[in-house]
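Trainee: You'll find final_6.tsv just under this line, and it carries TSV, N, CA and C atoms and all ligand atoms.
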```tsv
chain	number	residue	atom	x	y	z
A	1	MET	N	178.89	-127.02	212.59
A	1	MET	CA	179.65	-125.78	212.85
A	1	MET	C	178.93	-124.88	213.86
A	2	ILE	N	177.62	-124.61	213.63
A	2	ILE	CA	176.94	-123.73	214.58
A	2	ILE	C	176.67	-124.47	215.88
A	3	GLY	N	176.64	-123.70	216.96
A	3	GLY	CA	176.40	-124.27	218.28
A	3	GLY	C	175.06	-123.82	218.83
A	4	ARG	N	175.08	-123.28	220.02
A	4	ARG	CA	173.84	-122.92	220.70
A	4	ARG	C	173.13	-121.76	220.02
A	5	LEU	N	171.81	-121.74	220.19
A	5	LEU	CA	171.01	-120.57	219.81
A	5	LEU	C	171.28	-119.50	220.86
A	6	ASN	N	171.95	-118.43	220.46
A	6	ASN	CA	172.27	-117.38	221.44
A	6	ASN	C	171.07	-116.50	221.73
A	7	HIS	N	170.38	-116.04	220.67
A	7	HIS	CA	169.16	-115.26	220.88
A	7	HIS	C	168.31	-115.22	219.63
A	8	VAL	N	167.06	-114.87	219.85
A	8	VAL	CA	166.13	-114.52	218.78
A	8	VAL	C	165.83	-113.04	218.97
A	9	ALA	N	165.98	-112.26	217.90
A	9	ALA	CA	165.76	-110.82	218.00
A	9	ALA	C	164.41	-110.46	217.39
A	10	ILE	N	163.63	-109.70	218.14
A	10	ILE	CA	162.30	-109.27	217.70
A	10	ILE	C	162.31	-107.75	217.63
A	11	ALA	N	162.02	-107.23	216.43
A	11	ALA	CA	161.96	-105.78	216.24
A	11	ALA	C	160.58	-105.29	216.63
A	12	VAL	N	160.54	-104.19	217.39
A	12	VAL	CA	159.26	-103.63	217.84
A	12	VAL	C	159.27	-102.11	217.68
A	13	ARG	N	158.10	-101.54	217.56
A	13	ARG	CA	157.99	-100.09	217.45
A	13	ARG	C	158.01	-99.46	218.84
A	14	ASP	N	157.47	-100.18	219.84
A	14	ASP	CA	157.30	-99.63	221.19
A	14	ASP	C	157.93	-100.59	222.20
A	15	LEU	N	159.13	-100.24	222.60
A	15	LEU	CA	159.90	-101.14	223.47
A	15	LEU	C	159.27	-101.28	224.86
A	16	ALA	N	158.70	-100.19	225.37
A	16	ALA	CA	158.07	-100.25	226.70
A	16	ALA	C	156.90	-101.23	226.69
A	17	LYS	N	156.13	-101.18	225.61
A	17	LYS	CA	154.98	-102.07	225.49
A	17	LYS	C	155.45	-103.53	225.34
A	18	ALA	N	156.47	-103.73	224.53
A	18	ALA	CA	156.99	-105.10	224.33
A	18	ALA	C	157.57	-105.64	225.64
A	19	THR	N	158.25	-104.78	226.39
A	19	THR	CA	158.81	-105.20	227.69
A	19	THR	C	157.70	-105.62	228.63
A	20	GLN	N	156.63	-104.85	228.62
A	20	GLN	CA	155.47	-105.15	229.45
A	20	GLN	C	154.87	-106.52	229.08
A	21	VAL	N	154.77	-106.78	227.78
A	21	VAL	CA	154.23	-108.07	227.33
A	21	VAL	C	155.08	-109.22	227.86
A	22	TYR	N	156.41	-109.09	227.72
A	22	TYR	CA	157.28	-110.19	228.14
A	22	TYR	C	157.37	-110.30	229.66
A	23	ARG	N	157.40	-109.15	230.34
A	23	ARG	CA	157.54	-109.18	231.80
A	23	ARG	C	156.23	-109.52	232.49
A	24	ASP	N	155.15	-108.82	232.10
A	24	ASP	CA	153.90	-108.93	232.86
A	24	ASP	C	152.99	-110.04	232.35
A	25	MET	N	152.89	-110.19	231.02
A	25	MET	CA	151.99	-111.23	230.51
A	25	MET	C	152.68	-112.58	230.49
A	26	LEU	N	153.93	-112.61	230.05
A	26	LEU	CA	154.63	-113.90	229.91
A	26	LEU	C	155.46	-114.24	231.14
A	27	GLY	N	155.60	-113.29	232.06
A	27	GLY	CA	156.29	-113.59	233.31
A	27	GLY	C	157.77	-113.85	233.18
A	28	ALA	N	158.42	-113.21	232.19
A	28	ALA	CA	159.85	-113.44	231.97
A	28	ALA	C	160.69	-112.41	232.72
A	29	THR	N	161.96	-112.74	232.91
A	29	THR	CA	162.93	-111.81	233.48
A	29	THR	C	163.46	-110.93	232.35
A	30	VAL	N	163.32	-109.62	232.51
A	30	VAL	CA	163.76	-108.70	231.45
A	30	VAL	C	164.79	-107.72	232.01
A	31	SER	N	165.70	-107.26	231.14
A	31	SER	CA	166.73	-106.30	231.55
A	31	SER	C	166.18	-104.88	231.42
A	32	GLU	N	166.96	-103.93	231.89
A	32	GLU	CA	166.68	-102.53	231.60
A	32	GLU	C	166.88	-102.29	230.10
A	33	ALA	N	166.29	-101.22	229.59
A	33	ALA	CA	166.52	-100.84	228.20
A	33	ALA	C	167.92	-100.25	228.07
A	34	VAL	N	168.66	-100.71	227.06
A	34	VAL	CA	170.03	-100.25	226.84
A	34	VAL	C	170.14	-99.61	225.46
A	35	PRO	N	170.36	-98.28	225.40
A	35	PRO	CA	170.56	-97.66	224.09
A	35	PRO	C	171.91	-98.08	223.50
A	36	GLN	N	171.89	-98.46	222.23
A	36	GLN	CA	173.14	-98.89	221.56
A	36	GLN	C	173.29	-98.05	220.29
A	37	PRO	N	173.69	-96.77	220.48
A	37	PRO	CA	173.72	-95.86	219.33
A	37	PRO	C	174.57	-96.38	218.18
A	38	GLU	N	175.65	-97.11	218.48
A	38	GLU	CA	176.50	-97.60	217.39
A	38	GLU	C	175.81	-98.68	216.55
A	39	HIS	N	174.71	-99.25	217.07
A	39	HIS	CA	173.93	-100.24	216.31
A	39	HIS	C	172.58	-99.69	215.87
A	40	GLY	N	172.26	-98.46	216.26
A	40	GLY	CA	170.99	-97.85	215.85
A	40	GLY	C	169.77	-98.49	216.47
A	41	VAL	N	169.92	-99.08	217.65
A	41	VAL	CA	168.78	-99.71	218.33
A	41	VAL	C	168.89	-99.50	219.84
A	42	THR	N	167.74	-99.61	220.50
A	42	THR	CA	167.70	-99.75	221.94
A	42	THR	C	167.25	-101.18	222.21
A	43	THR	N	167.93	-101.85	223.14
A	43	THR	CA	167.64	-103.27	223.35
A	43	THR	C	167.15	-103.55	224.78
A	44	VAL	N	166.26	-104.52	224.87
A	44	VAL	CA	165.91	-105.13	226.15
A	44	VAL	C	166.16	-106.63	225.98
A	45	PHE	N	166.87	-107.22	226.93
A	45	PHE	CA	167.12	-108.66	226.86
A	45	PHE	C	166.13	-109.38	227.76
A	46	VAL	N	165.51	-110.38	227.20
A	46	VAL	CA	164.62	-111.26	227.95
A	46	VAL	C	165.42	-112.54	228.19
A	47	VAL	N	165.63	-112.85	229.46
A	47	VAL	CA	166.48	-114.01	229.78
A	47	VAL	C	165.59	-115.21	230.04
A	48	LEU	N	165.76	-116.23	229.22
A	48	LEU	CA	165.03	-117.49	229.37
A	48	LEU	C	166.01	-118.55	229.83
A	49	PRO	N	165.53	-119.67	230.37
A	49	PRO	CA	166.46	-120.68	230.88
A	49	PRO	C	167.42	-121.21	229.81
A	50	ASN	N	166.98	-121.27	228.55
A	50	ASN	CA	167.84	-121.89	227.53
A	50	ASN	C	168.33	-120.94	226.45
A	51	THR	N	167.85	-119.70	226.43
A	51	THR	CA	168.33	-118.75	225.43
A	51	THR	C	167.87	-117.35	225.82
A	52	LYS	N	168.05	-116.39	224.93
A	52	LYS	CA	167.59	-115.02	225.19
A	52	LYS	C	166.69	-114.56	224.05
A	53	ILE	N	165.82	-113.64	224.37
A	53	ILE	CA	165.08	-112.90	223.35
A	53	ILE	C	165.57	-111.47	223.45
A	54	GLU	N	165.88	-110.89	222.29
A	54	GLU	CA	166.39	-109.53	222.24
A	54	GLU	C	165.28	-108.68	221.62
A	55	LEU	N	164.73	-107.76	222.40
A	55	LEU	CA	163.71	-106.85	221.86
A	55	LEU	C	164.44	-105.62	221.34
A	56	LEU	N	164.19	-105.25	220.09
A	56	LEU	CA	164.90	-104.15	219.44
A	56	LEU	C	163.93	-103.04	219.06
A	57	GLU	N	164.25	-101.82	219.45
A	57	GLU	CA	163.47	-100.65	219.05
A	57	GLU	C	164.41	-99.72	218.28
A	58	PRO	N	163.94	-99.10	217.20
A	58	PRO	CA	164.82	-98.22	216.43
A	58	PRO	C	165.35	-97.07	217.29
A	59	LEU	N	166.60	-96.71	217.06
A	59	LEU	CA	167.23	-95.56	217.74
A	59	LEU	C	167.90	-94.72	216.67
A	60	GLY	N	167.40	-93.49	216.49
A	60	GLY	CA	167.99	-92.60	215.49
A	60	GLY	C	167.39	-92.83	214.11
A	61	ALA	N	167.68	-91.89	213.22
A	61	ALA	CA	167.07	-91.89	211.88
A	61	ALA	C	167.63	-92.99	210.99
A	62	GLN	N	168.87	-93.43	211.28
A	62	GLN	CA	169.54	-94.41	210.40
A	62	GLN	C	169.41	-95.83	210.94
A	63	SER	N	168.39	-96.07	211.76
A	63	SER	CA	168.30	-97.39	212.37
A	63	SER	C	168.18	-98.49	211.32
A	64	PRO	N	168.97	-99.57	211.46
A	64	PRO	CA	168.92	-100.67	210.49
A	64	PRO	C	167.60	-101.47	210.56
A	65	ILE	N	166.77	-101.24	211.59
A	65	ILE	CA	165.52	-102.00	211.65
A	65	ILE	C	164.32	-101.18	211.18
A	66	GLU	N	164.57	-99.94	210.76
A	66	GLU	CA	163.47	-99.06	210.34
A	66	GLU	C	162.72	-99.63	209.14
A	67	LYS	N	163.46	-100.11	208.16
A	67	LYS	CA	162.84	-100.66	206.94
A	67	LYS	C	162.00	-101.90	207.27
A	68	PHE	N	162.55	-102.73	208.15
A	68	PHE	CA	161.85	-103.95	208.58
A	68	PHE	C	160.52	-103.58	209.23
A	69	LEU	N	160.53	-102.56	210.09
A	69	LEU	CA	159.30	-102.16	210.78
A	69	LEU	C	158.30	-101.49	209.84
A	70	ALA	N	158.81	-100.84	208.79
A	70	ALA	CA	157.90	-100.27	207.79
A	70	ALA	C	157.14	-101.40	207.09
A	71	ARG	N	157.83	-102.52	206.87
A	71	ARG	CA	157.18	-103.69	206.23
A	71	ARG	C	156.36	-104.50	207.23
A	72	ASN	N	156.74	-104.44	208.52
A	72	ASN	CA	156.09	-105.24	209.56
A	72	ASN	C	155.67	-104.32	210.71
A	73	PRO	N	154.60	-103.56	210.51
A	73	PRO	CA	154.25	-102.53	211.50
A	73	PRO	C	153.91	-103.08	212.89
A	74	ASP	N	153.54	-104.35	212.98
A	74	ASP	CA	153.27	-104.94	214.30
A	74	ASP	C	154.53	-105.49	214.96
A	75	GLY	N	155.67	-105.34	214.28
A	75	GLY	CA	156.90	-105.95	214.76
A	75	GLY	C	157.01	-107.37	214.23
A	76	GLY	N	158.11	-108.04	214.57
A	76	GLY	CA	158.29	-109.41	214.10
A	76	GLY	C	159.69	-109.90	214.36
A	77	ILE	N	159.90	-111.19	214.08
A	77	ILE	CA	161.23	-111.78	214.26
A	77	ILE	C	162.17	-111.18	213.22
A	78	HIS	N	163.23	-110.54	213.69
A	78	HIS	CA	164.16	-109.84	212.81
A	78	HIS	C	165.35	-110.71	212.43
A	79	HIS	N	165.93	-111.40	213.40
A	79	HIS	CA	167.03	-112.32	213.10
A	79	HIS	C	167.18	-113.34	214.22
A	80	ILE	N	167.95	-114.38	213.89
A	80	ILE	CA	168.31	-115.36	214.92
A	80	ILE	C	169.83	-115.44	214.99
A	81	CYS	N	170.33	-115.71	216.17
A	81	CYS	CA	171.79	-115.68	216.37
A	81	CYS	C	172.28	-117.03	216.89
A	82	TYR	N	173.22	-117.60	216.13
A	82	TYR	CA	173.85	-118.86	216.51
A	82	TYR	C	175.27	-118.60	216.98
A	83	GLU	N	175.71	-119.37	217.93
A	83	GLU	CA	177.09	-119.26	218.40
A	83	GLU	C	178.03	-120.11	217.54
A	84	VAL	N	179.22	-119.58	217.32
A	84	VAL	CA	180.28	-120.34	216.66
A	84	VAL	C	181.55	-120.20	217.51
A	85	ASP	N	182.44	-121.19	217.39
A	85	ASP	CA	183.67	-121.14	218.18
A	85	ASP	C	184.65	-120.11	217.64
A	86	ASP	N	184.74	-120.04	216.31
A	86	ASP	CA	185.75	-119.18	215.68
A	86	ASP	C	185.07	-118.46	214.53
A	87	ILE	N	184.82	-117.17	214.69
A	87	ILE	CA	183.98	-116.46	213.72
A	87	ILE	C	184.68	-116.28	212.38
A	88	VAL	N	185.98	-116.11	212.38
A	88	VAL	CA	186.70	-115.93	211.12
A	88	VAL	C	186.73	-117.24	210.34
A	89	ALA	N	186.95	-118.35	211.04
A	89	ALA	CA	186.92	-119.66	210.37
A	89	ALA	C	185.52	-119.95	209.84
A	90	ALA	N	184.51	-119.60	210.62
A	90	ALA	CA	183.12	-119.82	210.18
A	90	ALA	C	182.82	-118.99	208.94
A	91	ARG	N	183.23	-117.72	208.97
A	91	ARG	CA	183.00	-116.84	207.81
A	91	ARG	C	183.69	-117.40	206.56
A	92	ASP	N	184.94	-117.79	206.71
A	92	ASP	CA	185.68	-118.27	205.55
A	92	ASP	C	185.03	-119.51	204.95
A	93	ARG	N	184.55	-120.39	205.81
A	93	ARG	CA	183.89	-121.60	205.32
A	93	ARG	C	182.58	-121.26	204.62
A	94	LEU	N	181.80	-120.33	205.19
A	94	LEU	CA	180.52	-119.95	204.58
A	94	LEU	C	180.73	-119.26	203.24
A	95	VAL	N	181.71	-118.36	203.18
A	95	VAL	CA	181.98	-117.65	201.93
A	95	VAL	C	182.43	-118.63	200.85
A	96	LYS	N	183.25	-119.60	201.24
A	96	LYS	CA	183.73	-120.62	200.30
A	96	LYS	C	182.54	-121.42	199.74
A	97	ASP	N	181.52	-121.60	200.58
A	97	ASP	CA	180.33	-122.34	200.15
A	97	ASP	C	179.32	-121.45	199.43
A	98	GLY	N	179.67	-120.19	199.19
A	98	GLY	CA	178.83	-119.32	198.39
A	98	GLY	C	177.88	-118.44	199.17
A	99	ALA	N	177.96	-118.43	200.49
A	99	ALA	CA	177.05	-117.59	201.29
A	99	ALA	C	177.54	-116.14	201.26
A	100	ARG	N	176.58	-115.23	201.36
A	100	ARG	CA	176.91	-113.80	201.37
A	100	ARG	C	176.92	-113.27	202.80
A	101	VAL	N	178.03	-112.61	203.13
A	101	VAL	CA	178.15	-111.97	204.44
A	101	VAL	C	177.81	-110.50	204.23
A	102	LEU	N	176.99	-109.92	205.10
A	102	LEU	CA	176.60	-108.52	204.95
A	102	LEU	C	177.74	-107.59	205.39
A	103	GLY	N	177.71	-106.36	204.86
A	103	GLY	CA	178.73	-105.38	205.20
A	103	GLY	C	180.05	-105.71	204.53
A	104	ASP	N	181.14	-105.32	205.16
A	104	ASP	CA	182.45	-105.52	204.53
A	104	ASP	C	183.06	-106.89	204.87
A	105	GLY	N	182.32	-107.70	205.59
A	105	GLY	CA	182.79	-109.06	205.89
A	105	GLY	C	183.68	-109.16	207.11
A	106	ALA	N	184.00	-108.00	207.71
A	106	ALA	CA	184.83	-108.02	208.91
A	106	ALA	C	183.91	-108.10	210.13
A	107	PRO	N	184.21	-109.00	211.09
A	107	PRO	CA	183.37	-109.09	212.29
A	107	PRO	C	183.33	-107.76	213.03
A	108	ARG	N	182.14	-107.41	213.55
A	108	ARG	CA	181.98	-106.20	214.38
A	108	ARG	C	181.64	-106.66	215.79
A	109	ILE	N	181.85	-105.74	216.74
A	109	ILE	CA	181.48	-106.06	218.11
A	109	ILE	C	179.97	-105.83	218.27
A	110	GLY	N	179.27	-106.89	218.64
A	110	GLY	CA	177.82	-106.85	218.72
A	110	GLY	C	177.30	-106.36	220.06
A	111	ALA	N	176.01	-106.53	220.24
A	111	ALA	CA	175.33	-106.01	221.43
A	111	ALA	C	175.80	-106.67	222.72
A	112	HIS	N	176.46	-107.82	222.64
A	112	HIS	CA	176.94	-108.50	223.85
A	112	HIS	C	178.44	-108.36	224.04
A	113	GLY	N	179.05	-107.45	223.25
A	113	GLY	CA	180.49	-107.23	223.39
A	113	GLY	C	181.34	-108.32	222.75
A	114	LYS	N	180.74	-109.12	221.88
A	114	LYS	CA	181.49	-110.19	221.21
A	114	LYS	C	181.43	-110.00	219.69
A	115	PRO	N	182.40	-110.55	218.95
A	115	PRO	CA	182.41	-110.35	217.50
A	115	PRO	C	181.22	-111.06	216.83
A	116	VAL	N	180.57	-110.33	215.92
A	116	VAL	CA	179.42	-110.88	215.20
A	116	VAL	C	179.51	-110.57	213.71
A	117	LEU	N	178.78	-111.36	212.94
A	117	LEU	CA	178.59	-111.12	211.51
A	117	LEU	C	177.14	-111.44	211.17
A	118	PHE	N	176.63	-110.78	210.13
A	118	PHE	CA	175.28	-111.09	209.66
A	118	PHE	C	175.37	-111.72	208.27
A	119	LEU	N	174.50	-112.70	208.04
A	119	LEU	CA	174.50	-113.46	206.79
A	119	LEU	C	173.22	-113.19	206.02
A	120	HIS	N	173.33	-113.15	204.70
A	120	HIS	CA	172.20	-112.75	203.86
A	120	HIS	C	171.01	-113.71	203.99
A	121	PRO	N	169.81	-113.15	204.24
A	121	PRO	CA	168.64	-114.03	204.43
A	121	PRO	C	168.34	-114.92	203.22
A	122	LYS	N	168.66	-114.45	202.02
A	122	LYS	CA	168.36	-115.26	200.83
A	122	LYS	C	169.17	-116.57	200.82
A	123	ASP	N	170.28	-116.59	201.52
A	123	ASP	CA	171.10	-117.81	201.56
A	123	ASP	C	170.74	-118.72	202.74
A	124	PHE	N	169.84	-118.24	203.64
A	124	PHE	CA	169.54	-119.01	204.85
A	124	PHE	C	168.04	-119.09	205.10
A	125	CYS	N	167.35	-119.65	204.10
A	125	CYS	CA	165.92	-119.99	204.27
A	125	CYS	C	165.08	-118.77	204.59
A	126	GLY	N	165.48	-117.61	204.06
A	126	GLY	CA	164.67	-116.41	204.26
A	126	GLY	C	164.80	-115.78	205.63
A	127	THR	N	165.84	-116.16	206.36
A	127	THR	CA	166.02	-115.64	207.72
A	127	THR	C	167.37	-114.95	207.83
A	128	LEU	N	167.35	-113.72	208.33
A	128	LEU	CA	168.61	-113.03	208.63
A	128	LEU	C	169.28	-113.77	209.79
A	129	VAL	N	170.51	-114.20	209.56
A	129	VAL	CA	171.24	-114.98	210.56
A	129	VAL	C	172.43	-114.17	211.05
A	130	GLU	N	172.57	-114.12	212.37
A	130	GLU	CA	173.74	-113.51	212.99
A	130	GLU	C	174.57	-114.66	213.55
A	131	ILE	N	175.86	-114.61	213.37
A	131	ILE	CA	176.73	-115.57	214.08
A	131	ILE	C	177.58	-114.78	215.06
A	132	GLU	N	177.73	-115.35	216.25
A	132	GLU	CA	178.48	-114.68	217.31
A	132	GLU	C	179.54	-115.64	217.83
A	133	GLN	N	180.73	-115.13	217.99
A	133	GLN	CA	181.78	-115.96	218.58
A	133	GLN	C	181.50	-116.16	220.05
A	134	ALA	N	181.35	-117.39	220.46
A	134	ALA	CA	180.93	-117.69	221.84
A	134	ALA	C	182.06	-117.39	222.83
B	1	CO	CO	171.35	-110.09	217.51
```
Have the structure of the file written as structure tokens, please.
Ligand code: CO
Mentor:
Amino acid sequence: MIGRLNHVAIAVRDLAKATQVYRDMLGATVSEAVPQPEHGVTTVFVVLPNTKIELLEPLGAQSPIEKFLARNPDGGIHHICYEVDDIVAARDRLVKDGARVLGDGAPRIGAHGKPVLFLHPKDFCGTLVEIEQA
């Protein structure tokens, strides 16, 4: 059912510093920082030949990554995102198999302007999984 790895998201406390690490030390192509108030994060996309890395910095007091950073003060891998052809069909199949979808279960428009859902880490090997309709 899942297709390509769309991105790996890394939560960081200092986006400028993380951008510098990826751009200057690792020599990657990085985007400008994009504030995404509706998601409570500011993002920088690192474009790799086969996938993307999404650097996330908290934006606002209600940021969904604040708790994660309190537990992981050095930052860390926050979630991984797989592409699916049909997000509603994927959700229905996962729910039927007993997986928990976060939130109200309705796909939201994600950071790339496409419908996404998040799946409970306890059902997926301890990893928060995002699925995105390709
Ligand atoms: Co993501």
Trainee: Could you jot down the atom N of Leu5 (chain A) to atom C of Tyr82 (chain A) separation for me, Å, one decimal place?
Mentor: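 It comes out at 5.7 Å.
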Trainee: When you look at region 16-21 of chain A with a cut-off of 8 Å (counting all atoms listed in the file), what residues show up, excluding the ones that are within fewer than 2 positions of it in the same chain? I need them as a PyMOL selection string.
Mentor: chain A and resi 12-14+23-28+30-31+44+55+57
Trainee: Have a look at A:Arg91, A:His120, A:His112, A:Arg71 and name the one nearest to ligand CO 1 (chain B); count only N, CA and C atoms and all ligand atoms.
Mentor: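 The shortest atom-to-atom distance to ligand CO 1 (chain B) comes from A:His112.
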Trainee: Taking only C-alpha atoms into account, which of A:Phe118, A:Ala90, A:Gly60, A:Lys52 comes nearest Gly103 (chain A)?
Mentor: A:Phe118
Trainee: Counting all atoms listed in the file, what residues are within 7 Å of ligand CO 1 (chain B), given as a ChimeraX atom specification?
Mentor: /A:7-9,54,79-81,111,130
Trainee: One number please: atom N of Asp86 (chain A) to atom C of Ala134 (chain A), in Å, one decimal.
Mentor: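 For atom N of Asp86 (chain A) relative to atom C of Ala134 (chain A), the distance reads 7.5 Å.
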Trainee: So for region 104-119 of chain A, what box centre and size do we get, axis-aligned, 5 Å extra on each of the six sides, every listed atom, Å to one decimal, as lines of an AutoDock Vina configuration file?
Mentor:
```
center_x = 179.0
center_y = -109.4
center_z = 214.3
size_x = 21.6
size_y = 18.1
size_z = 29.5
```
Trainee: In Å, how far is it from CA of Leu119 (chain A) to CA of Ala99 (chain A)?
Mentor: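 If I compute the distance from CA of Leu119 (chain A) to CA of Ala99 (chain A), I get 7.3 Å.
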Trainee: Mind the document's chain letters and residue numbers, and return as a PyMOL selection string the residues of region 22-101 of chain A that DSSP labels strand (DSSP E or B).
Mentor: chain A and resi 29-30+34-36+41-47+52-58+76-84+101
Trainee: Which of chain A counts as alpha helix (DSSP H) under DSSP, as a list in words please?
Mentor: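 Answer for chain A restricted to alpha helix (DSSP H) is Leu15, Ala16, Lys17, Ala18, Thr19, Gln20, Glu66, Lys67, Phe68, Leu69, Ala70, Arg71, Ile87, Val88, Ala89, Ala90, Arg91, Asp92, Arg93, Leu94, Val95 and Lys96 of chain A.
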Trainee: When distances are computed from all atoms listed in the file, which of A:Gly105, A:Gly110, A:Gly98, A:Gly76 shows the smallest separation from Asp123 (chain A)?
Mentor: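 Closest residue, counting all atoms listed in the file: A:Gly98.
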Trainee: I'd like to know which of A:Val95, A:His78, A:Val41, A:Asn6 is closest to Glu132 (chain A), using only N, CA and C atoms.
Mentor: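 Once distances to Glu132 (chain A) are computed over only N, CA and C atoms, the minimum belongs to A:Asn6.
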Trainee: I want to know what sits within 6 Å of Val116 (chain A), based on only N, CA and C atoms, with residues of the same chain fewer than 3 positions away left out; could you give that as a VMD selection string?
Mentor: chain A and resid 107 to 110 131 to 133
Trainee: Let me make sure I understand: among A:Thr29, A:Ile77, A:Asn72, A:Ile10, which one has the smallest atom-to-atom distance to Leu56 (chain A) if we use all atoms listed in the file?
Mentor: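 Using all atoms listed in the file, the shortest distance to Leu56 (chain A) belongs to A:Ile10.
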